[in-house]
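Here's the structure, in structure tokens; my notes come after.
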Amino acid sequence: MAYENASNQRKEMIASKFKEMLRTKSLSKISVSELIRQCGINRKTFYYHFEDIFALLKWTMEQETIKIIRQYDLFRDYETVIEIIGDYIEKNHSMLYNIYNSVGRNQLHRFFFESFRELIESVVGEAAKITDCRVSEEYTAFLIDFYTEGIAGSMVREISKPSHYRKEVLSEYIFATFRGMLQSLKDAEENRL
């Protein structure tokens, strides 16, 4: 247990230095050599914890968003979850903007899609239970992909703007869209989708 705590602390320290660097330079300009020098660790220590810079990026973002979000009942607390995501984007906009400029829209979109798909799946599943709607697996999969694509795309679009992030507007749009999910399920059941 003590070893695991020490390992997590080391990972968090590396991630913290990495985030500092990302605030001022693009991901493509950050090398493992420079990062380990900033952290005061050797190359072997870095590679023990992370396969590469992209694995560090994924771990860092997951620790700061996905891990926190999983503590909530996504259907009932979706407003809180959206606020957490919005706050994260707002607080880390310069870092995320530099990531966007380094990896591009498609890579960042894929990361968000993969990260949020499971979460959206639970929201759609809970919505189906609450409305007691019976819809096909095919339509359920469509809804999950539709909402996940929409959220991932909206996040990337907001991040891609150099200095104009509208957290409140994005949150309201997502709230309205999620409320519409209940009606979508009812309509799908009625139309036997």
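Naming scheme: A, B, ... for chains in displayed order of the structure tokens; residues 1 onward per chain; ligands 1 onward as shown.
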
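The list of residues with at least one atom within 10 Å of range 121-123 of chain A, based on only C-alpha atoms and without residues fewer than 5 positions apart in the same chain, reads Asp73, Leu74, Phe75, Arg76, Tyr78, Phe116, Ala128, Lys129, Thr140, Ala141, Leu143, Ile144, Asp145, Tyr147, Thr148, Phe178 and Met181 of chain A.
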
Query - Distance query Tyr97 in chain A at most 9 Å, only C-alpha atoms, self and fewer than 3 positions along chain excluded, as a ChimeraX atom specification - result: /A:23,26,92-94,100-102,159-163

Writing out the chosen residues with N, CA and C atoms as an mmCIF file, in the first residue's frame:
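Ended up saving to again18.cif:
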data_model
loop_
_atom_site.group_PDB
_atom_site.id
_atom_site.type_symbol
_atom_site.label_atom_id
_atom_site.label_comp_id
_atom_site.auth_asym_id
_atom_site.auth_seq_id
_atom_site.Cartn_x
_atom_site.Cartn_y
_atom_site.Cartn_z
ATOM 1 N N ARG A 23 0.918 24.830 -20.191
ATOM 2 C CA ARG A 23 0.309 26.158 -20.138
ATOM 3 C C ARG A 23 1.036 27.157 -21.035
ATOM 4 N N SER A 26 3.174 24.083 -26.652
ATOM 5 C CA SER A 26 2.344 23.021 -27.224
ATOM 6 C C SER A 26 2.901 21.649 -26.851
ATOM 7 N N ASN A 92 -8.343 25.226 -17.196
ATOM 8 C CA ASN A 92 -7.210 24.677 -17.940
ATOM 9 C C ASN A 92 -7.254 25.019 -19.426
ATOM 10 N N HIS A 93 -7.949 26.088 -19.781
ATOM 11 C CA HIS A 93 -8.146 26.400 -21.197
ATOM 12 C C HIS A 93 -6.839 26.555 -21.963
ATOM 13 N N SER A 94 -5.866 27.261 -21.413
ATOM 14 C CA SER A 94 -4.613 27.458 -22.154
ATOM 15 C C SER A 94 -3.897 26.132 -22.376
ATOM 16 N N TYR A 100 -4.817 20.939 -28.091
ATOM 17 C CA TYR A 100 -5.588 20.962 -29.340
ATOM 18 C C TYR A 100 -4.684 21.333 -30.521
ATOM 19 N N ASN A 101 -3.864 22.338 -30.352
ATOM 20 C CA ASN A 101 -2.973 22.773 -31.432
ATOM 21 C C ASN A 101 -1.888 21.754 -31.748
ATOM 22 N N SER A 102 -1.565 20.893 -30.804
ATOM 23 C CA SER A 102 -0.530 19.879 -31.032
ATOM 24 C C SER A 102 -1.082 18.597 -31.646
ATOM 25 N N ILE A 159 -12.787 24.395 -26.833
ATOM 26 C CA ILE A 159 -11.350 24.415 -26.556
ATOM 27 C C ILE A 159 -10.587 25.046 -27.717
ATOM 28 N N SER A 160 -11.073 24.851 -28.931
ATOM 29 C CA SER A 160 -10.357 25.339 -30.116
ATOM 30 C C SER A 160 -10.363 26.854 -30.240
ATOM 31 N N LYS A 161 -11.187 27.518 -29.467
ATOM 32 C CA LYS A 161 -11.229 28.978 -29.502
ATOM 33 C C LYS A 161 -10.149 29.511 -28.565
ATOM 34 N N PRO A 162 -9.246 30.333 -29.074
ATOM 35 C CA PRO A 162 -8.094 30.749 -28.283
ATOM 36 C C PRO A 162 -8.420 31.389 -26.930
ATOM 37 N N SER A 163 -9.436 32.205 -26.853
ATOM 38 C CA SER A 163 -9.668 32.862 -25.572
ATOM 39 C C SER A 163 -11.141 33.006 -25.216
#

Query raised in the report: Nearest to Lys25 in chain A: which of A:Leu96, A:Phe54, A:Glu90, A:Asn5 is it, counting only C-alpha atoms?
Result: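 With only C-alpha atoms as the atom set, the closest residue is A:Leu96.
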
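Candidate residues A:Ser31, A:Gln9, A:Ser171, A:Gln107 were compared for distance to Asp87 in chain A, and the nearest is A:Ser171, using only C-alpha atoms.
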
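Here CA of Asn8 in chain A and CA of Phe111 in chain A stand 22.2 Å from one another.
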
Query raised in the report: With only C-alpha atoms as the atoms that count, which of A:Glu62, A:Phe46, A:Ile99, A:Ile151 lies nearest to Met21 in chain A?
Result: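 Looking at the shortest contact to Met21 in chain A, the residue is A:Ile99.
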
Query raised in the report: Could you pull the residues within 10 Å of Asp132 in chain A, counting only C-alpha atoms, minus those fewer than 5 positions along the same chain, as a ChimeraX atom specification?
Result: /A:126-127,185-186,189

Query raised in the report: Among range 44-75 of chain A, which residues carry a DSSP assignment of alpha helix (DSSP H), reported as a list of chain:residue names?
Result: A:Lys44, A:Thr45, A:Phe46, A:Tyr47, A:Tyr48, A:His49, A:Ile53, A:Phe54, A:Ala55, A:Leu56, A:Leu57, A:Lys58, A:Trp59, A:Thr60, A:Met61, A:Lys67, A:Ile68, A:Ile69

Which polymer residues have any atom within 12 Å of an atom of Asn191 in chain A, counting only C-alpha atoms, with same-chain residues fewer than 5 positions away left out, as a PDB file with C-alpha atoms, in the first residue's frame?
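Listed below is the output, out-v5.pdb:
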ATOM      1  CA  CYS A 133     -39.237   2.859 -22.143  1.00  0.00           C
ATOM      2  CA  ARG A 134     -38.455  -0.256 -24.124  1.00  0.00           C
ATOM      3  CA  VAL A 135     -36.359   0.570 -27.170  1.00  0.00           C
ATOM      4  CA  SER A 136     -34.126  -1.576 -29.340  1.00  0.00           C
ATOM      5  CA  TYR A 139     -31.525   2.688 -31.028  1.00  0.00           C
ATOM      6  CA  SER A 184     -36.503  10.940 -27.407  1.00  0.00           C
ATOM      7  CA  LEU A 185     -36.874   7.644 -25.575  1.00  0.00           C
ATOM      8  CA  LYS A 186     -40.642   8.022 -25.293  1.00  0.00           C
TER       9      LYS A 186
END
